[in-house]
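K.L.:
Sharing target21.csv below, CSV, C-alpha atoms:
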```csv
chain,number,residue,atom,x,y,z
A,1,MET,CA,10.3,35.8,-1.8
A,2,LYS,CA,7.8,33.7,-0.1
A,3,GLU,CA,8.5,32.0,3.2
A,4,LEU,CA,9.2,28.3,3.7
A,5,ASN,CA,6.5,26.0,2.4
A,6,PHE,CA,6.6,22.5,3.8
A,7,ARG,CA,4.1,21.1,1.3
A,8,VAL,CA,6.4,22.1,-1.5
A,9,ILE,CA,9.4,20.7,0.3
A,10,LEU,CA,7.7,17.3,0.8
A,11,LEU,CA,6.5,17.1,-2.8
A,12,GLN,CA,10.0,18.1,-4.1
A,13,LEU,CA,11.6,15.4,-1.9
A,14,LEU,CA,9.2,12.8,-3.3
A,15,GLY,CA,9.8,14.1,-6.9
A,16,MET,CA,13.6,13.9,-6.3
A,17,ILE,CA,13.4,10.3,-5.0
A,18,PHE,CA,11.4,9.3,-8.1
A,19,LEU,CA,13.8,11.2,-10.4
A,20,ILE,CA,16.9,9.6,-8.9
A,21,HIS,CA,15.4,6.2,-8.9
A,22,GLY,CA,14.3,6.5,-12.6
A,23,THR,CA,17.8,7.7,-13.5
A,24,LEU,CA,19.4,4.7,-11.7
A,25,GLN,CA,16.9,2.3,-13.5
A,26,LEU,CA,17.9,3.8,-16.9
A,27,ARG,CA,21.6,3.3,-16.0
A,28,PHE,CA,20.8,-0.3,-15.0
A,29,TYR,CA,19.2,-0.7,-18.5
A,30,THR,CA,22.4,0.3,-20.2
A,31,VAL,CA,24.5,-2.3,-18.3
A,32,ALA,CA,21.7,-4.9,-17.8
A,33,GLU,CA,23.8,-7.9,-18.8
A,34,GLU,CA,26.6,-7.0,-16.5
A,35,PHE,CA,24.2,-6.1,-13.7
A,36,ILE,CA,22.3,-9.4,-13.9
A,37,CYS,CA,25.6,-11.4,-14.0
A,38,ALA,CA,27.1,-9.4,-11.0
A,39,THR,CA,24.0,-9.9,-8.9
A,40,THR,CA,23.0,-13.5,-9.7
A,41,HIS,CA,26.2,-15.4,-10.5
A,42,ASN,CA,29.3,-16.1,-8.6
A,43,ASN,CA,32.8,-15.3,-9.8
A,44,LYS,CA,33.4,-18.8,-11.3
A,45,SER,CA,30.6,-18.7,-13.9
A,46,GLU,CA,31.0,-18.3,-17.6
A,47,CYS,CA,29.3,-14.9,-17.8
A,48,TRP,CA,31.4,-13.6,-15.0
A,49,ASN,CA,34.6,-14.5,-16.8
A,50,ARG,CA,33.4,-13.0,-20.1
A,51,LEU,CA,32.1,-9.7,-18.6
A,52,PHE,CA,34.6,-9.2,-15.8
A,53,PRO,CA,38.0,-10.5,-17.1
A,54,SER,CA,39.8,-9.0,-14.1
A,55,LYS,CA,39.1,-8.0,-10.6
A,56,GLU,CA,39.5,-4.4,-11.5
A,57,ALA,CA,36.8,-4.6,-14.1
A,58,PHE,CA,34.4,-5.8,-11.4
A,59,PHE,CA,35.4,-3.2,-8.9
A,60,ASP,CA,35.1,-0.4,-11.5
A,61,PHE,CA,31.6,-1.6,-12.4
A,62,TRP,CA,29.7,-0.6,-9.3
A,63,PRO,CA,31.1,2.9,-9.0
A,64,SER,CA,30.3,3.5,-12.7
A,65,ILE,CA,26.6,2.7,-11.9
A,66,TYR,CA,26.4,4.6,-8.6
A,67,ILE,CA,27.7,7.8,-10.0
A,68,TRP,CA,24.4,8.1,-11.7
A,69,ILE,CA,22.7,8.6,-8.3
A,70,PHE,CA,24.8,11.6,-7.8
A,71,LEU,CA,24.1,12.9,-11.4
A,72,GLY,CA,20.4,12.5,-10.8
A,73,LEU,CA,20.7,14.4,-7.5
A,74,ILE,CA,22.6,17.3,-9.2
A,75,ALA,CA,20.1,17.5,-12.0
A,76,GLY,CA,17.2,17.4,-9.5
A,77,ILE,CA,18.7,20.1,-7.3
A,78,ILE,CA,19.2,22.3,-10.4
A,79,LEU,CA,15.6,21.7,-11.4
A,80,VAL,CA,14.3,22.4,-7.9
A,81,SER,CA,16.4,25.6,-7.7
A,82,PHE,CA,15.0,26.8,-11.0
A,83,LEU,CA,11.4,26.0,-10.1
A,84,ASN,CA,11.7,27.6,-6.7
A,85,TRP,CA,13.3,30.7,-8.2
A,86,LYS,CA,10.8,30.9,-11.1
A,87,HIS,CA,7.8,30.7,-8.7
A,88,LYS,CA,9.5,33.0,-6.1
A,89,PHE,CA,9.7,30.4,-3.3
A,90,SER,CA,12.3,30.8,-0.6
A,91,SER,CA,15.8,29.5,-1.4
A,92,LEU,CA,15.6,27.7,2.0
A,93,ASN,CA,13.3,25.2,0.3
A,94,THR,CA,16.0,24.2,-2.1
A,95,ILE,CA,18.6,24.0,0.7
A,96,LEU,CA,16.4,21.9,2.9
A,97,VAL,CA,15.6,19.5,-0.1
A,98,ALA,CA,19.3,19.2,-0.8
A,99,ILE,CA,20.2,18.5,2.8
A,100,VAL,CA,17.5,15.9,3.3
A,101,MET,CA,18.4,14.2,-0.1
A,102,TYR,CA,22.0,14.1,1.0
A,103,ILE,CA,21.0,12.4,4.3
A,104,ILE,CA,18.9,9.9,2.3
A,105,LEU,CA,21.9,9.2,0.0
A,106,ARG,CA,24.2,8.7,3.0
A,107,LEU,CA,21.8,6.1,4.4
A,108,LYS,CA,22.3,4.2,1.0
A,109,PHE,CA,18.6,4.3,0.3
A,110,PHE,CA,19.1,3.8,-3.4
A,111,ARG,CA,22.0,1.4,-3.2
A,112,ARG,CA,20.1,-1.0,-1.0
A,113,GLY,CA,17.2,-1.1,-3.4
A,114,VAL,CA,14.6,0.0,-0.9
A,115,PHE,CA,12.7,2.0,-3.4
A,116,SER,CA,13.1,-0.7,-6.1
A,117,ARG,CA,11.5,-3.4,-4.0
A,118,LEU,CA,8.5,-1.2,-3.3
A,119,PHE,CA,7.7,-0.9,-7.0
A,120,ASP,CA,8.8,-4.4,-8.2
A,121,PHE,CA,5.1,-5.4,-8.7
A,122,PHE,CA,4.6,-2.4,-11.0
A,123,VAL,CA,7.4,-3.1,-13.4
A,124,SER,CA,7.1,-6.8,-13.3
A,125,ALA,CA,3.5,-6.5,-14.5
A,126,PHE,CA,4.8,-5.3,-17.9
A,127,SER,CA,7.4,-8.0,-18.5
A,128,ASP,CA,9.4,-10.9,-17.0
A,129,ASP,CA,12.6,-9.7,-18.7
A,130,PHE,CA,14.9,-7.6,-16.5
A,131,VAL,CA,16.0,-5.4,-19.4
A,132,ILE,CA,12.4,-4.4,-20.2
A,133,GLN,CA,11.7,-3.8,-16.6
A,134,PHE,CA,14.7,-1.5,-16.3
A,135,ILE,CA,13.7,0.6,-19.3
A,136,ILE,CA,10.0,0.8,-18.3
A,137,GLY,CA,10.8,1.6,-14.7
A,138,GLY,CA,13.4,4.1,-15.7
A,139,ILE,CA,11.2,6.0,-18.1
A,140,THR,CA,8.1,5.9,-15.8
A,141,PHE,CA,9.9,6.9,-12.6
A,142,THR,CA,11.9,9.7,-14.3
A,143,LEU,CA,8.8,11.2,-15.9
A,144,LEU,CA,6.8,10.8,-12.6
A,145,GLY,CA,9.6,12.5,-10.7
A,146,LEU,CA,9.7,15.4,-13.2
A,147,LEU,CA,5.9,15.7,-13.0
A,148,ILE,CA,5.8,15.7,-9.2
A,149,LEU,CA,8.5,18.4,-9.2
A,150,TRP,CA,6.5,20.5,-11.6
A,151,PHE,CA,3.3,20.0,-9.6
A,152,SER,CA,5.1,20.9,-6.4
A,153,VAL,CA,5.2,24.6,-7.3
A,154,LYS,CA,1.7,24.8,-8.6
A,155,PRO,CA,-0.3,25.8,-5.5
A,156,ASN,CA,-3.7,26.0,-7.2
A,157,LEU,CA,-3.6,22.4,-8.3
A,158,PHE,CA,-3.8,21.1,-4.8
A,159,ALA,CA,-6.1,23.8,-3.3
A,160,LEU,CA,-9.2,22.6,-1.7
A,161,LYS,CA,-12.3,24.2,-3.1
A,162,ASN,CA,-15.3,25.0,-0.8
```
As a first step, turn the structure in this file into structure tokens.

P.N.:
Amino acid sequence: MKELNFRVILLQLLGMIFLIHGTLQLRFYTVAEEFICATTHNNKSECWNRLFPSKEAFFDFWPSIYIWIFLGLIAGIILVSFLNWKHKFSSLNTILVAIVMYIILRLKFFRRGVFSRLFDFFVSAFSDDFVIQFIIGGITFTLLGLLILWFSVKPNLFALKN
């Protein structure tokens, strides 16, 4: 086993953030109509009454979306664990990535939309339609997160040549 590698840890954290954000955007795509109604209309509008017939329907809506943050985290930790094991990195890398990601989740980084606002210009360049923005952002950020995770364990890709 190799010792702790902070470059790998930072790249894996960045990859995990992109992976979770992409997963969340894909989930927003599947419930785009409800998401747009819940975030832009009040509870007296016609779409609100049609999509959320009871208070329980609305209160069950947000947890059904935010569970995907947790599922993205679990999938990312499994992938990071596999990559670190395959390339014989220390298991402390995986533990540190998991702990830092847990702290980021506890700070509600994804629920507040901090990362979404950073890349709004990117997804809005493709379309004005929110549904298209969700699918393009979801696919792009998920693939980018997976690519960063894969590059994080390839030391010769980032080696400086003299």

K.L.:
How many Å lie between CA of Phe141 in chain A and CA of Gly22 in chain A, rounded to one decimal?

P.N.:
4.4 Å

K.L.:
So what do you get for CA of Val100 in chain A versus CA of Ile9 in chain A, distance-wise?

P.N.:
9.9 Å

K.L.:
Can you work out the spacing between CA of Leu10 in chain A and CA of Tyr29 in chain A in Å, to one decimal?

P.N.:
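Pair CA of Leu10 in chain A / CA of Tyr29 in chain A returns 28.8 Å.
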
K.L.:
Name all residues at most 12 Å from Val123 in chain A (count only C-alpha atoms; drop same-chain ones fewer than 6 positions away) and give them as an MDAnalysis selection string.

P.N.:
chainID A and resid 22 25 116:117 129:141

K.L.:
Using all atoms listed in the file, give me every residue within 10 Å of (8.5, 17.0, -6.3) in file coordinates, as JSON, numbers by chain.

P.N.:
{"A": [7, 8, 9, 10, 11, 12, 13, 14, 15, 16, 17, 18, 19, 76, 79, 80, 97, 144, 145, 146, 147, 148, 149, 150, 151, 152, 153]}

K.L.:
Of the candidates A:Tyr102, A:Phe89, A:Phe109, A:Phe82, which shows the shortest atom-to-atom distance to Glu3 in chain A, using only C-alpha atoms?

P.N.:
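Result for the nearest residue to Glu3 in chain A: A:Phe89.
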
K.L.:
I want to know what sits within 8 Å of range 65-69 of chain A, based on only C-alpha atoms, with residues of the same chain fewer than 6 positions away left out; could you give that as an MDAnalysis selection string?

P.N.:
chainID A and resid 20:21 23:24 27:28 110:111

K.L.:
Would you please work out which residue, of A:Leu92, A:Leu4, A:Leu26, A:Ala57, is nearest to Leu143 in chain A when using all atoms listed in the file?

P.N.:
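Closest candidate: A:Leu26.
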
K.L.:
Missing atoms in range 132-143 of chain A should be modelled up to all heavy atoms and reported as a compact mmCIF listing (two decimals), in the frame of the given file.

P.N.:
```txt
# COMPACT_ATOMS: atom_id res chain seq x y z
N ILE A 132 13.67 -5.17 -19.99
CA ILE A 132 12.40 -4.40 -20.20
C ILE A 132 11.95 -3.75 -18.96
O ILE A 132 11.47 -2.61 -18.98
CB ILE A 132 11.34 -5.36 -20.82
CG1 ILE A 132 11.82 -6.02 -22.11
CG2 ILE A 132 10.04 -4.61 -21.03
CD1 ILE A 132 12.11 -5.06 -23.24
N GLN A 133 12.09 -4.44 -17.84
CA GLN A 133 11.70 -3.80 -16.60
C GLN A 133 12.52 -2.61 -16.25
O GLN A 133 11.98 -1.62 -15.75
CB GLN A 133 11.83 -4.87 -15.44
CG GLN A 133 10.81 -5.96 -15.48
CD GLN A 133 11.00 -6.98 -14.37
OE1 GLN A 133 11.86 -6.84 -13.50
NE2 GLN A 133 10.19 -8.03 -14.40
N PHE A 134 13.82 -2.66 -16.53
CA PHE A 134 14.70 -1.50 -16.30
C PHE A 134 14.26 -0.30 -17.13
O PHE A 134 14.18 0.82 -16.64
CB PHE A 134 16.13 -1.82 -16.54
CG PHE A 134 16.77 -2.72 -15.50
CD1 PHE A 134 17.72 -3.65 -15.87
CD2 PHE A 134 16.41 -2.63 -14.17
CE1 PHE A 134 18.31 -4.47 -14.92
CE2 PHE A 134 16.99 -3.45 -13.22
CZ PHE A 134 17.94 -4.37 -13.60
N ILE A 135 14.00 -0.51 -18.41
CA ILE A 135 13.70 0.60 -19.30
C ILE A 135 12.27 1.16 -18.95
O ILE A 135 12.09 2.38 -18.90
CB ILE A 135 13.77 0.23 -20.79
CG1 ILE A 135 13.67 1.48 -21.67
CG2 ILE A 135 12.72 -0.74 -21.22
CD1 ILE A 135 14.84 2.37 -21.64
N ILE A 136 11.30 0.30 -18.68
CA ILE A 136 10.00 0.80 -18.30
C ILE A 136 10.00 1.50 -16.99
O ILE A 136 9.43 2.59 -16.84
CB ILE A 136 8.95 -0.39 -18.30
CG1 ILE A 136 8.69 -0.87 -19.73
CG2 ILE A 136 7.65 0.02 -17.62
CD1 ILE A 136 7.84 -2.10 -19.81
N GLY A 137 10.67 0.92 -16.00
CA GLY A 137 10.80 1.60 -14.70
C GLY A 137 11.55 2.88 -14.79
O GLY A 137 11.17 3.88 -14.16
N GLY A 138 12.63 2.90 -15.56
CA GLY A 138 13.40 4.10 -15.70
C GLY A 138 12.64 5.26 -16.31
O GLY A 138 12.64 6.38 -15.79
N ILE A 139 11.98 4.99 -17.41
CA ILE A 139 11.20 6.00 -18.10
C ILE A 139 10.04 6.49 -17.20
O ILE A 139 9.80 7.68 -17.02
CB ILE A 139 10.72 5.55 -19.45
CG1 ILE A 139 11.90 5.40 -20.40
CG2 ILE A 139 9.67 6.50 -20.03
CD1 ILE A 139 11.56 4.72 -21.71
N THR A 140 9.31 5.52 -16.63
CA THR A 140 8.10 5.90 -15.80
C THR A 140 8.52 6.67 -14.59
O THR A 140 7.90 7.71 -14.32
CB THR A 140 7.43 4.56 -15.37
OG1 THR A 140 7.09 3.79 -16.52
CG2 THR A 140 6.18 4.88 -14.57
N PHE A 141 9.52 6.23 -13.85
CA PHE A 141 9.90 6.90 -12.60
C PHE A 141 10.55 8.27 -12.87
O PHE A 141 10.35 9.21 -12.10
CB PHE A 141 10.73 6.03 -11.72
CG PHE A 141 9.99 4.84 -11.20
CD1 PHE A 141 10.49 3.56 -11.37
CD2 PHE A 141 8.77 4.98 -10.57
CE1 PHE A 141 9.79 2.46 -10.91
CE2 PHE A 141 8.06 3.90 -10.10
CZ PHE A 141 8.58 2.63 -10.27
N THR A 142 11.31 8.37 -13.95
CA THR A 142 11.90 9.70 -14.30
C THR A 142 10.83 10.68 -14.64
O THR A 142 10.83 11.81 -14.14
CB THR A 142 12.92 9.52 -15.43
OG1 THR A 142 13.93 8.59 -15.05
CG2 THR A 142 13.56 10.85 -15.76
N LEU A 143 9.90 10.27 -15.48
CA LEU A 143 8.80 11.20 -15.90
C LEU A 143 7.91 11.50 -14.67
O LEU A 143 7.48 12.65 -14.51
CB LEU A 143 8.00 10.58 -17.01
CG LEU A 143 8.71 10.50 -18.35
CD1 LEU A 143 7.82 9.83 -19.39
CD2 LEU A 143 9.14 11.87 -18.82
```
